[in-house]
Every structure is written in structure tokens, then in C-alpha cells.
Amino acid sequence: EIKHGRISMLATMGYITQQLIRIPGYLSYSSDVKFADMPNGLGAISKVPAAGWFQIVLYALYCEFSTQNWLKPDGEFDFDGAYMKKMEGADKRAPGDYGWKPPLLATDDPATKNRRLNAEIANGRLAMMAIIGMFFQDGLTGSAYGDW
């Protein structure tokens, strides 16, 4: 839930930001597609070149593989799940703890840490609903923000 909440918070901000800011330059030189030519929202899905989708899928796979114990130390895939089962008890970190402590946000006080984690989970849940609502409205009206 915490990973999906973080992704949804980034997606919600990205959906809003693309309405306000356009990056100058080319999205794809070979296809002659500029960032300014891309439509906002769901309309952009059909305009992204195949190489762009390939990069997006590769990055998503990298993110998933880097947070799981799917590779054995010798580099082979753990197809039968034996290595993952062996590692289940060895990883004592809390879900979502990747060892990075953001400045001004990290704390060692358990009460403050718990309050901040609960706030992150609540904001992630709100962002999940927000991005789904934006997708639905964009698919229905062609604009993520309606007629306001």
C-alpha cells in the first residue's frame, strides 16, 4: 500500500504539472515528436513512440526487481522461491524503508515517526483516489479538470 501510495502521489503531481509546464525540446528525434506536441492526460498514451514505452517498461521492471529478493547472490533468478523464503526473516526493515532518510523529515522519535508514517499512508490513499478520479474525468470529458 505504501509503494502504491507513493507512486500515486507522484502521478497526481505529474498530472497537474503537465497542465502548467512544458519541457522544451524533442521527446523523440527519430519520430520528430516534440514535448510541446504531446497532448495532456490520457491522450498522450497513443502518441508516445514504441521506444518510449520500452524505456518506461524497463524502468518499471527495474524498480520492481530492485525492491524484491528475486535474484540470488550468484545473479540467477529465484524461480522456485526458495531464496526469497530464506530471506523473509532476514530483512527486518519496515515496509517502504529503503534506507534513505530524507533531510528534515527523518526522525528517531517513535511517536513522531509513527505520526508521519500514518500521514504518508493517509496522503497516499487520498492520492490513489485523486489519480483515479482524474483518469476517469479525463476519459469521460477529455480534460482532467473539467470545465472550470
# chains A, B, ... in the order shown; residues from 1 in each chain; ligands from 1

call {"tool": "residues_around", "arguments": {"residues": "A:Leu27", "least_positions_apart": "3", "cutoff": "9 Å", "atoms": "only C-alpha atoms", "output": "count of residues only"}}
result
10

call {"tool": "atom_distance", "arguments": {"atom1": "atom CA of A:Ser66", "atom2": "atom CA of A:Met134"}}
result
29.3 Å

call {"tool": "closest_residue", "arguments": {"among": "A:Asn40, A:Glu120, A:Ala51, A:Ile131", "to": "A:Ser28", "atoms": "only C-alpha atoms"}}
result
A:Ala51

call {"tool": "residues_around", "arguments": {"residues": "stretch 103-105 of chain A", "least_positions_apart": "6", "cutoff": "10 Å", "atoms": "only C-alpha atoms", "output": "PDB file with all heavy atoms, in the first residue's frame"}}
result
ATOM      1  N   THR A 112       6.811  10.469  16.744  1.00  0.00           N
ATOM      2  CA  THR A 112       6.827  11.338  15.562  1.00  0.00           C
ATOM      3  C   THR A 112       6.907  10.509  14.287  1.00  0.00           C
ATOM      4  O   THR A 112       6.227  10.810  13.307  1.00  0.00           O
ATOM      5  CB  THR A 112       8.025  12.308  15.635  1.00  0.00           C
ATOM      6  OG1 THR A 112       7.959  13.022  16.868  1.00  0.00           O
ATOM      7  CG2 THR A 112       8.018  13.278  14.477  1.00  0.00           C
ATOM      8  N   LYS A 113       7.729   9.464  14.325  1.00  0.00           N
ATOM      9  CA  LYS A 113       7.863   8.591  13.160  1.00  0.00           C
ATOM     10  C   LYS A 113       6.533   7.932  12.815  1.00  0.00           C
ATOM     11  O   LYS A 113       6.145   7.859  11.647  1.00  0.00           O
ATOM     12  CB  LYS A 113       8.936   7.542  13.432  1.00  0.00           C
ATOM     13  CG  LYS A 113       9.382   6.760  12.236  1.00  0.00           C
ATOM     14  CD  LYS A 113      10.540   5.841  12.626  1.00  0.00           C
ATOM     15  CE  LYS A 113      11.293   5.398  11.422  1.00  0.00           C
ATOM     16  NZ  LYS A 113      12.470   4.608  11.764  1.00  0.00           N
ATOM     17  N   ARG A 116       4.131  10.529  11.301  1.00  0.00           N
ATOM     18  CA  ARG A 116       4.499  10.849   9.918  1.00  0.00           C
ATOM     19  C   ARG A 116       4.175   9.692   8.975  1.00  0.00           C
ATOM     20  O   ARG A 116       3.763   9.917   7.843  1.00  0.00           O
ATOM     21  CB  ARG A 116       5.972  11.226   9.844  1.00  0.00           C
ATOM     22  CG  ARG A 116       6.253  12.563  10.476  1.00  0.00           C
ATOM     23  CD  ARG A 116       7.701  12.929  10.402  1.00  0.00           C
ATOM     24  NE  ARG A 116       7.928  14.217  11.045  1.00  0.00           N
ATOM     25  CZ  ARG A 116       9.125  14.715  11.255  1.00  0.00           C
ATOM     26  NH1 ARG A 116      10.215  14.049  10.895  1.00  0.00           N
ATOM     27  NH2 ARG A 116       9.259  15.890  11.844  1.00  0.00           N
TER      28      ARG A 116
END

call {"tool": "residues_around", "arguments": {"residues": "A:Met128", "least_positions_apart": "4", "cutoff": "10 Å", "atoms": "only C-alpha atoms", "output": "list of chain:residue names"}}
result
A:Glu1, A:His4, A:Gly5, A:Arg6, A:Ile7, A:Ser8, A:Met9, A:Ala11, A:Thr12, A:Ala122, A:Asn123, A:Gly124, A:Ile132, A:Gly133

call {"tool": "write_last_selection", "arguments": {"atoms": "all heavy atoms", "output": "short mmCIF file (atom, residue, chain, number, x, y, z; two decimals), in the first residue's frame"}}
result
data_model
loop_
_atom_site.label_atom_id
_atom_site.label_comp_id
_atom_site.auth_asym_id
_atom_site.auth_seq_id
_atom_site.Cartn_x
_atom_site.Cartn_y
_atom_site.Cartn_z
N GLU A 1 0.82 -1.20 0.00
CA GLU A 1 0.00 0.00 0.00
C GLU A 1 0.87 1.26 0.00
O GLU A 1 0.54 2.23 -0.67
CB GLU A 1 -0.91 0.00 1.22
CG GLU A 1 -1.79 1.21 1.30
CD GLU A 1 -2.69 1.22 2.53
OE1 GLU A 1 -2.45 0.47 3.48
OE2 GLU A 1 -3.64 2.00 2.51
N HIS A 4 2.30 1.90 -3.56
CA HIS A 4 1.28 2.41 -4.47
C HIS A 4 0.87 3.84 -4.10
O HIS A 4 0.58 4.65 -4.97
CB HIS A 4 0.05 1.50 -4.48
CG HIS A 4 0.33 0.18 -5.12
ND1 HIS A 4 0.31 -0.98 -4.41
CD2 HIS A 4 0.65 -0.14 -6.39
CE1 HIS A 4 0.61 -1.98 -5.23
NE2 HIS A 4 0.83 -1.50 -6.42
N GLY A 5 0.86 4.14 -2.81
CA GLY A 5 0.55 5.49 -2.37
C GLY A 5 1.61 6.48 -2.83
O GLY A 5 1.28 7.58 -3.31
N ARG A 6 2.87 6.10 -2.73
CA ARG A 6 3.95 6.99 -3.19
C ARG A 6 3.88 7.20 -4.69
O ARG A 6 4.06 8.32 -5.18
CB ARG A 6 5.31 6.40 -2.80
CG ARG A 6 5.59 6.48 -1.32
CD ARG A 6 6.86 5.77 -0.93
NE ARG A 6 7.11 5.90 0.49
CZ ARG A 6 8.07 5.26 1.13
NH1 ARG A 6 8.88 4.42 0.48
NH2 ARG A 6 8.23 5.43 2.42
N ILE A 7 3.63 6.14 -5.43
CA ILE A 7 3.51 6.27 -6.89
C ILE A 7 2.32 7.15 -7.24
O ILE A 7 2.40 8.00 -8.13
CB ILE A 7 3.38 4.87 -7.53
CG1 ILE A 7 4.70 4.12 -7.40
CG2 ILE A 7 2.96 4.97 -8.99
CD1 ILE A 7 4.62 2.66 -7.75
N SER A 8 1.21 6.99 -6.53
CA SER A 8 0.01 7.79 -6.80
C SER A 8 0.23 9.25 -6.47
O SER A 8 -0.27 10.14 -7.17
CB SER A 8 -1.18 7.26 -6.02
OG SER A 8 -1.50 5.96 -6.45
N MET A 9 0.99 9.54 -5.40
CA MET A 9 1.28 10.94 -5.08
C MET A 9 2.11 11.57 -6.20
O MET A 9 1.84 12.70 -6.61
CB MET A 9 2.01 11.04 -3.74
CG MET A 9 1.11 10.79 -2.54
SD MET A 9 1.90 11.12 -0.96
CE MET A 9 2.59 9.50 -0.60
N ALA A 11 2.20 10.53 -9.34
CA ALA A 11 1.36 10.59 -10.55
C ALA A 11 0.38 11.76 -10.48
O ALA A 11 0.15 12.45 -11.48
CB ALA A 11 0.59 9.28 -10.71
N THR A 12 -0.19 12.01 -9.32
CA THR A 12 -1.13 13.12 -9.16
C THR A 12 -0.43 14.45 -9.41
O THR A 12 -0.94 15.31 -10.14
CB THR A 12 -1.76 13.10 -7.76
OG1 THR A 12 -2.42 11.85 -7.58
CG2 THR A 12 -2.76 14.22 -7.58
N ALA A 122 -2.12 8.04 4.78
CA ALA A 122 -3.38 8.74 4.50
C ALA A 122 -3.28 9.57 3.23
O ALA A 122 -4.20 9.56 2.39
CB ALA A 122 -3.75 9.63 5.68
N ASN A 123 -2.16 10.28 3.04
CA ASN A 123 -1.99 11.06 1.82
C ASN A 123 -1.87 10.16 0.60
O ASN A 123 -2.34 10.51 -0.49
CB ASN A 123 -0.76 11.96 1.93
CG ASN A 123 -0.96 13.11 2.88
OD1 ASN A 123 -2.08 13.58 3.07
ND2 ASN A 123 0.12 13.56 3.50
N GLY A 124 -1.25 8.99 0.76
CA GLY A 124 -1.17 8.04 -0.35
C GLY A 124 -2.53 7.51 -0.75
O GLY A 124 -2.84 7.38 -1.93
N ILE A 132 -7.19 8.25 -9.78
CA ILE A 132 -8.25 7.50 -10.45
C ILE A 132 -9.37 8.44 -10.89
O ILE A 132 -9.91 8.32 -11.99
CB ILE A 132 -8.79 6.38 -9.52
CG1 ILE A 132 -7.75 5.29 -9.36
CG2 ILE A 132 -10.09 5.80 -10.04
CD1 ILE A 132 -7.36 4.57 -10.62
N GLY A 133 -9.71 9.41 -10.04
CA GLY A 133 -10.71 10.41 -10.42
C GLY A 133 -10.29 11.23 -11.61
O GLY A 133 -11.09 11.53 -12.50
#

call {"tool": "closest_residue", "arguments": {"among": "A:Ile16, A:Arg22, A:Lys3, A:Leu42", "to": "A:Gly139", "atoms": "only C-alpha atoms"}}
result
A:Leu42

call {"tool": "closest_residue", "arguments": {"among": "A:Leu10, A:Pro24, A:Ser30, A:Phe135", "to": "A:Ala50", "atoms": "only C-alpha atoms"}}
result
A:Ser30
